[in-house]
file upload20.txt (compact mmCIF, C-alpha atoms)
# COMPACT_ATOMS: atom_id res chain seq x y z
CA MET L 63 -17.57 36.73 29.31
CA THR L 64 -19.85 34.37 31.21
CA THR L 65 -18.63 31.68 33.59
CA ALA L 66 -19.73 29.01 31.12
CA GLU L 67 -17.72 30.66 28.33
CA ALA L 68 -14.67 31.01 30.53
CA THR L 69 -14.64 27.35 31.52
CA GLU L 70 -15.54 25.94 28.13
CA ALA L 71 -12.82 23.67 26.74
CA PRO L 72 -11.15 25.01 23.60
CA ALA L 73 -12.48 23.53 20.37
CA ARG L 74 -10.34 20.77 18.88
CA THR L 75 -8.77 21.84 15.62
CA ILE L 76 -8.83 19.30 12.82
CA PRO L 77 -5.87 19.34 10.39
CA GLU L 78 -7.12 20.14 6.91
CA GLY L 79 -6.10 18.59 3.63
CA ASP L 80 -6.13 15.22 1.92
CA PRO L 81 -3.85 12.48 3.32
CA ALA L 82 -3.97 10.76 -0.08
CA LEU L 83 -1.69 13.46 -1.45
CA ILE L 84 1.10 11.90 0.61
CA GLY L 85 -0.12 8.32 0.83
CA VAL L 86 -0.81 7.68 -2.86
CA PRO L 87 2.40 9.07 -4.45
CA THR L 88 4.61 7.33 -1.89
CA PHE L 89 2.68 4.13 -2.66
CA ILE L 90 3.27 4.67 -6.40
CA VAL L 91 7.03 5.10 -6.10
CA GLY L 92 7.41 1.98 -3.92
CA ALA L 93 5.19 -0.11 -6.19
CA THR L 94 7.15 1.04 -9.26
CA ALA L 95 10.40 -0.01 -7.60
CA LEU L 96 8.94 -3.38 -6.59
CA GLY L 97 7.58 -3.98 -10.10
CA LEU L 98 11.01 -3.31 -11.59
CA VAL L 99 12.58 -5.83 -9.22
CA LEU L 100 9.97 -8.50 -9.97
CA THR L 101 10.23 -8.07 -13.75
CA GLY L 102 13.99 -8.48 -13.73
CA TYR L 103 15.24 -4.93 -14.20
CA VAL L 104 17.90 -5.75 -11.60
CA PRO L 105 19.57 -9.18 -11.19
CA ALA L 106 17.77 -11.76 -9.06
CA GLY L 107 20.42 -11.46 -6.38
CA ALA L 108 19.74 -7.72 -6.01
CA VAL L 109 16.27 -8.11 -4.50
CA GLY L 110 17.17 -5.45 -1.93
CA ALA L 111 17.55 -2.80 -4.62
CA SER L 112 14.09 -1.40 -3.96
CA ILE L 113 14.50 -1.09 -0.19
CA ALA L 114 16.15 2.33 -0.40
CA ILE L 115 12.80 3.60 -1.73
CA ILE L 116 10.36 1.30 0.04
CA LEU L 117 11.66 1.71 3.60
CA PRO L 118 12.18 5.48 3.97
CA ALA L 119 9.74 6.76 1.34
CA THR L 120 6.85 4.33 0.93
CA GLY L 121 6.68 2.83 4.41
CA LEU L 122 7.12 6.19 6.12
CA GLY L 123 4.80 7.94 3.68
CA GLN L 124 2.00 5.45 4.31
CA LEU L 125 2.47 5.87 8.06
CA VAL L 126 2.32 9.67 7.84
CA ALA L 127 -0.83 9.48 5.70
CA ALA L 128 -2.44 7.06 8.18
CA VAL L 129 -1.74 9.36 11.14
CA TRP L 130 -2.99 12.38 9.18
CA ALA L 131 -6.21 10.58 8.21
CA ALA L 132 -6.77 9.41 11.79
CA ALA L 133 -6.32 12.98 13.04
CA GLN L 134 -9.09 14.04 10.66
CA GLY L 135 -11.38 11.29 11.89
CA GLN L 136 -11.18 9.43 8.55
CA SER L 137 -11.08 5.97 10.06
CA ALA L 138 -11.45 4.00 6.83
CA VAL L 139 -8.72 6.00 5.07
CA ALA L 140 -6.45 5.67 8.10
CA SER L 141 -7.06 1.91 8.08
CA VAL L 142 -6.08 1.58 4.41
CA PHE L 143 -2.89 3.60 4.76
CA GLY L 144 -2.07 1.89 8.06
CA ILE L 145 -2.44 -1.55 6.47
CA PHE L 146 -0.14 -0.60 3.60
CA ALA L 147 2.35 0.99 5.97
CA GLY L 148 2.50 -2.40 7.67
CA PHE L 149 2.93 -4.20 4.35
CA TRP L 150 5.73 -2.03 2.98
CA LEU L 151 7.63 -1.76 6.27
CA SER L 152 7.39 -5.50 6.92
CA TYR L 153 8.48 -6.22 3.33
CA ALA L 154 11.58 -4.10 3.89
CA VAL L 155 12.32 -5.89 7.16
CA LEU L 156 11.79 -9.29 5.49
CA VAL L 157 14.25 -8.54 2.69
CA LEU L 158 16.84 -6.99 4.98
CA GLY L 159 16.39 -9.78 7.53
CA LEU L 160 16.87 -12.56 4.99
CA THR L 161 19.84 -10.94 3.26
CA HIS L 162 21.61 -10.14 6.56
CA ASN L 163 20.46 -13.23 8.50
CA TRP L 164 18.83 -11.16 11.24
CA PHE L 165 16.35 -13.85 12.23
CA GLY L 166 18.55 -16.94 12.12
CA ILE L 167 16.45 -18.45 9.31
CA PRO L 168 18.41 -21.21 7.53
CA ALA L 169 18.88 -20.91 3.79
CA ASP L 170 16.63 -23.89 3.09
CA ALA L 171 13.74 -22.14 4.90
CA ALA L 172 14.03 -18.85 3.00
CA VAL L 173 11.41 -19.80 0.39
CA SER L 174 8.87 -20.98 2.95
CA THR L 175 9.50 -17.80 4.95
CA GLN L 176 8.69 -15.70 1.89
CA GLY L 177 5.64 -17.87 1.30
CA LEU L 178 4.48 -17.24 4.88
CA PHE L 179 4.88 -13.50 4.38
CA LEU L 180 3.01 -13.46 1.07
CA THR L 181 0.20 -15.71 2.34
CA ALA L 182 -0.40 -13.61 5.44
CA TRP L 183 -0.56 -10.40 3.46
CA LEU L 184 -2.69 -11.93 0.72
CA VAL L 185 -5.26 -12.88 3.36
CA MET L 186 -5.22 -9.34 4.75
CA ILE L 187 -5.53 -7.58 1.39
CA VAL L 188 -8.33 -9.92 0.29
CA LEU L 189 -10.18 -8.91 3.46
CA LEU L 190 -9.51 -5.25 2.62
CA THR L 191 -10.84 -5.83 -0.90
CA LEU L 192 -14.08 -7.27 0.45
CA ALA L 193 -14.37 -4.42 2.94
CA SER L 194 -13.91 -1.90 0.11
CA LEU L 195 -16.98 -2.94 -1.87
CA ARG L 196 -18.88 0.13 -0.64
CA LEU L 197 -16.09 2.44 -1.80
CA PRO L 198 -15.87 3.80 -5.37
CA ALA L 199 -14.97 1.03 -7.81
CA ALA L 200 -11.46 2.39 -8.50
CA PHE L 201 -10.40 1.44 -4.97
CA THR L 202 -11.82 -2.06 -5.26
CA LEU L 203 -10.00 -2.48 -8.59
CA LEU L 204 -6.76 -1.33 -6.97
CA PHE L 205 -7.06 -3.81 -4.12
CA ALA L 206 -8.14 -6.66 -6.43
CA LEU L 207 -5.06 -6.13 -8.61
CA ILE L 208 -2.88 -6.16 -5.50
CA ASP L 209 -4.51 -9.48 -4.54
CA LEU L 210 -3.70 -10.88 -7.97
CA ALA L 211 -0.09 -9.66 -7.84
CA LEU L 212 0.43 -11.16 -4.38
CA ALA L 213 -1.07 -14.48 -5.49
CA LEU L 214 1.12 -14.66 -8.59
CA VAL L 215 4.29 -13.80 -6.67
CA LEU L 216 3.32 -16.29 -3.96
CA PHE L 217 2.87 -19.17 -6.41
CA GLY L 218 5.94 -18.11 -8.36
CA THR L 219 8.03 -18.05 -5.18
CA VAL L 220 6.95 -21.36 -3.65
CA ASN L 221 7.09 -23.17 -7.01
CA GLY L 222 10.33 -21.61 -8.18
CA SER L 223 8.63 -20.14 -11.25
CA ALA L 224 10.36 -16.99 -12.49
CA GLY L 225 7.64 -16.64 -15.12
CA LEU L 226 4.83 -16.33 -12.58
CA THR L 227 6.86 -13.87 -10.53
CA THR L 228 7.48 -11.77 -13.65
CA VAL L 229 3.77 -11.75 -14.50
CA GLY L 230 3.13 -10.66 -10.91
CA GLY L 231 5.53 -7.78 -11.51
CA TYR L 232 3.53 -6.63 -14.51
CA VAL L 233 0.34 -6.77 -12.43
CA VAL L 234 2.18 -4.54 -9.93
CA PHE L 235 2.57 -2.03 -12.76
CA ALA L 236 -1.17 -2.37 -13.47
CA PHE L 237 -2.19 -1.46 -9.94
CA THR L 238 0.45 1.28 -9.95
CA ALA L 239 -1.37 2.77 -12.95
CA VAL L 240 -4.61 2.80 -10.92
CA GLY L 241 -2.70 4.57 -8.15
CA VAL L 242 -1.50 7.18 -10.66
CA TYR L 243 -5.13 7.78 -11.69
CA LEU L 244 -6.17 8.21 -8.05
CA PHE L 245 -3.30 10.61 -7.39
CA LEU L 246 -4.09 12.76 -10.45
CA GLY L 247 -7.71 12.98 -9.35
CA ALA L 248 -6.80 13.94 -5.78
CA MET L 249 -4.25 16.52 -6.94
CA SER L 250 -6.72 18.01 -9.41
CA ALA L 251 -9.29 18.45 -6.65
CA ALA L 252 -6.68 19.90 -4.27
CA THR L 253 -5.61 22.52 -6.81
CA GLY L 254 -9.13 23.73 -7.60
CA GLY L 255 -10.01 21.43 -10.47
CA ARG L 256 -12.42 18.56 -10.80
CA SER L 257 -11.73 15.19 -9.27
CA LEU L 258 -11.63 12.29 -11.70
CA PRO L 259 -14.56 9.83 -11.77
CA LEU L 260 -13.89 6.80 -9.55
CA GLY L 261 -16.79 4.57 -10.55
CA ARG L 262 -19.83 3.35 -8.69
CA PRO L 263 -19.37 1.12 -5.66
CA VAL L 264 -19.96 -2.59 -6.15
CA LEU L 265 -22.28 -2.49 -3.12
CA SER L 266 -24.48 0.51 -2.41

call {"tool": "encode", "arguments": {"input": "upload20.txt", "output": "structure tokens"}}
result
Amino acid sequence: MTTAEATEAPARTIPEGDPALIGVPTFIVGATALGLVLTGYVPAGAVGASIAIILPATGLGQLVAAVWAAAQGQSAVASVFGIFAGFWLSYAVLVLGLTHNWFGIPADAAVSTQGLFLTAWLVMIVLLTLASLRLPAAFTLLFALIDLALALVLFGTVNGSAGLTTVGGYVVFAFTAVGVYLFLGAMSAATGGRSLPLGRPVLS
């Protein structure tokens, strides 16, 4: 062994695999729970019903996928999962905070607080949608449907319209279906099959 070989730093090992196999299914289960809440499967007063899934499964799953992607050097993938980790975790904190009065927000400010939350995240996901235009079209469709759902729930919340909120819930199911398609494609590729077509990017 030469001196150069002896002093050479060990090569960095990159974890193998596809972070989407954790990130996408945990996204699907949280979105399904949220869609059921928004479409009235549980009473309006039971808005926290989805938190048992969203906080420990979806929020944590997105965070794990983001760290995994970052460890692989997949910066764009890590950014997407990191953004959604922030969304789902902050949604859980918002619901728990409002229902348990953690933040000292008076009852008459609850609607505007929800509007603030939805507006801030709508801005962020719209930016993500625009940034995704060089990705396969399935991802842009996913983000665009999330934009639409957030906008509908925002307007339904601030205007007291249960109808708009319900429509937003059905749009949640629509983007959940896109997530199911992405997961099936990723799982097929991971198990030796063909990945599903994702469409051509809007921008090349």

call {"tool": "closest_residue", "arguments": {"input": "upload20.txt", "among": "L:Gly97, L:Ala138, L:Ala133, L:Ile116", "to": "L:Leu156", "atoms": "only C-alpha atoms"}}
result
L:Ile116

call {"tool": "residues_around", "arguments": {"input": "upload20.txt", "residues": "L:Thr191", "least_positions_apart": "6", "cutoff": "10 Å", "atoms": "only C-alpha atoms", "output": "PyMOL selection string"}}
result
chain L and resi 185+197+201-209

call {"tool": "write_last_selection", "arguments": {"input": "upload20.txt", "atoms": "C-alpha atoms", "output": "PDB file, in the coordinates of the input"}}
result
ATOM      1  CA  VAL L 185      -5.260 -12.880   3.360  1.00  0.00           C
ATOM      2  CA  LEU L 197     -16.090   2.440  -1.800  1.00  0.00           C
ATOM      3  CA  PHE L 201     -10.400   1.440  -4.970  1.00  0.00           C
ATOM      4  CA  THR L 202     -11.820  -2.060  -5.260  1.00  0.00           C
ATOM      5  CA  LEU L 203     -10.000  -2.480  -8.590  1.00  0.00           C
ATOM      6  CA  LEU L 204      -6.760  -1.330  -6.970  1.00  0.00           C
ATOM      7  CA  PHE L 205      -7.060  -3.810  -4.120  1.00  0.00           C
ATOM      8  CA  ALA L 206      -8.140  -6.660  -6.430  1.00  0.00           C
ATOM      9  CA  LEU L 207      -5.060  -6.130  -8.610  1.00  0.00           C
ATOM     10  CA  ILE L 208      -2.880  -6.160  -5.500  1.00  0.00           C
ATOM     11  CA  ASP L 209      -4.510  -9.480  -4.540  1.00  0.00           C
TER      12      ASP L 209
END

call {"tool": "closest_residue", "arguments": {"input": "upload20.txt", "among": "L:Thr253, L:Thr94, L:Thr101, L:Thr88", "to": "L:Ala224", "atoms": "all atoms listed in the file"}}
result
L:Thr101

call {"tool": "closest_residue", "arguments": {"input": "upload20.txt", "among": "L:Ala140, L:Thr161, L:Leu151, L:Val86", "to": "L:Ala108", "atoms": "only C-alpha atoms"}}
result
L:Thr161

call {"tool": "closest_residue", "arguments": {"input": "upload20.txt", "among": "L:Met249, L:Ile145, L:Ala154, L:Ala131", "to": "L:Ala119", "atoms": "only C-alpha atoms"}}
result
L:Ala154

call {"tool": "residues_near_point", "arguments": {"input": "upload20.txt", "point": "(-1.9, 11.4, -1.2)", "cutoff": "10 Å", "atoms": "all atoms listed in the file", "output": "ChimeraX atom specification"}}
result
/L:79-90,123-124,127,143,241,244-246,248-249

call {"tool": "atom_distance", "arguments": {"input": "upload20.txt", "atom1": "atom CA of L:Leu212", "atom2": "atom CA of L:Thr227"}}
result
9.3 Å

call {"tool": "residues_near_point", "arguments": {"input": "upload20.txt", "point": "(3.4, -7.0, -11.6)", "cutoff": "10 Å", "atoms": "all atoms listed in the file", "output": "list in words"}}
result
Ala93, Thr94, Leu96, Gly97, Leu98, Val99, Leu100, Thr101, Leu207, Ile208, Leu210, Ala211, Leu212, Leu214, Val215, Leu226, Thr227, Thr228, Val229, Gly230, Gly231, Tyr232, Val233, Val234, Phe235, Ala236, Phe237 and Thr238 of chain L

call {"tool": "decode", "arguments": {"input": "upload20.txt", "residues": "stretch 147-168 of chain L", "atoms": "N, CA, C and O atoms", "output": "short mmCIF file (atom, residue, chain, number, x, y, z; two decimals), in the first residue's frame"}}
result
data_model
loop_
_atom_site.label_atom_id
_atom_site.label_comp_id
_atom_site.auth_asym_id
_atom_site.auth_seq_id
_atom_site.Cartn_x
_atom_site.Cartn_y
_atom_site.Cartn_z
N ALA L 147 -43.39 18.11 4.21
CA ALA L 147 -43.24 17.83 5.65
C ALA L 147 -43.64 19.06 6.45
O ALA L 147 -44.37 18.97 7.45
N GLY L 148 -43.18 20.23 5.99
CA GLY L 148 -43.56 21.47 6.67
C GLY L 148 -45.05 21.71 6.62
O GLY L 148 -45.65 22.12 7.63
N PHE L 149 -45.67 21.44 5.47
CA PHE L 149 -47.12 21.66 5.36
C PHE L 149 -47.89 20.77 6.33
O PHE L 149 -48.73 21.24 7.10
N TRP L 150 -47.63 19.46 6.27
CA TRP L 150 -48.42 18.53 7.07
C TRP L 150 -48.17 18.71 8.57
O TRP L 150 -49.11 18.66 9.37
N LEU L 151 -46.93 18.93 8.96
CA LEU L 151 -46.63 19.13 10.38
C LEU L 151 -47.25 20.43 10.89
O LEU L 151 -47.80 20.47 11.99
N SER L 152 -47.16 21.49 10.08
CA SER L 152 -47.74 22.76 10.52
C SER L 152 -49.27 22.71 10.53
O SER L 152 -49.91 23.34 11.37
N TYR L 153 -49.86 21.92 9.62
CA TYR L 153 -51.32 21.73 9.65
C TYR L 153 -51.73 21.05 10.96
O TYR L 153 -52.71 21.45 11.61
N ALA L 154 -50.98 20.03 11.34
CA ALA L 154 -51.29 19.33 12.59
C ALA L 154 -51.17 20.27 13.79
O ALA L 154 -52.03 20.28 14.68
N VAL L 155 -50.12 21.08 13.80
CA VAL L 155 -49.93 22.03 14.90
C VAL L 155 -51.05 23.08 14.91
O VAL L 155 -51.55 23.47 15.97
N LEU L 156 -51.46 23.53 13.72
CA LEU L 156 -52.54 24.51 13.63
C LEU L 156 -53.82 23.95 14.24
O LEU L 156 -54.46 24.62 15.07
N VAL L 157 -54.21 22.75 13.83
CA VAL L 157 -55.45 22.16 14.32
C VAL L 157 -55.38 21.92 15.82
O VAL L 157 -56.29 22.28 16.58
N LEU L 158 -54.28 21.33 16.27
CA LEU L 158 -54.13 21.07 17.71
C LEU L 158 -54.07 22.37 18.50
O LEU L 158 -54.65 22.49 19.58
N GLY L 159 -53.38 23.37 17.94
CA GLY L 159 -53.26 24.65 18.63
C GLY L 159 -54.58 25.37 18.77
O GLY L 159 -54.89 25.93 19.83
N LEU L 160 -55.40 25.34 17.72
CA LEU L 160 -56.70 26.01 17.78
C LEU L 160 -57.68 25.27 18.69
O LEU L 160 -58.45 25.90 19.42
N THR L 161 -57.65 23.94 18.64
CA THR L 161 -58.61 23.19 19.44
C THR L 161 -58.23 23.15 20.93
O THR L 161 -59.10 22.94 21.78
N HIS L 162 -56.94 23.38 21.23
CA HIS L 162 -56.50 23.35 22.64
C HIS L 162 -56.05 24.73 23.13
O HIS L 162 -55.52 24.84 24.23
N ASN L 163 -56.27 25.76 22.29
CA ASN L 163 -55.91 27.13 22.66
C ASN L 163 -54.45 27.27 23.09
O ASN L 163 -54.13 27.93 24.08
N TRP L 164 -53.56 26.67 22.31
CA TRP L 164 -52.13 26.75 22.62
C TRP L 164 -51.57 28.15 22.39
O TRP L 164 -50.61 28.55 23.06
N PHE L 165 -52.11 28.87 21.44
CA PHE L 165 -51.50 30.13 21.01
C PHE L 165 -52.23 31.36 21.52
O PHE L 165 -51.88 32.49 21.14
N GLY L 166 -53.25 31.17 22.33
CA GLY L 166 -53.99 32.30 22.86
C GLY L 166 -54.74 33.07 21.81
O GLY L 166 -54.96 34.28 21.95
N ILE L 167 -55.15 32.39 20.73
CA ILE L 167 -55.90 33.04 19.65
C ILE L 167 -57.37 33.08 20.04
O ILE L 167 -57.97 32.03 20.29
N PRO L 168 -57.99 34.26 20.09
CA PRO L 168 -59.40 34.32 20.46
C PRO L 168 -60.28 33.65 19.42
O PRO L 168 -59.91 33.53 18.25
#
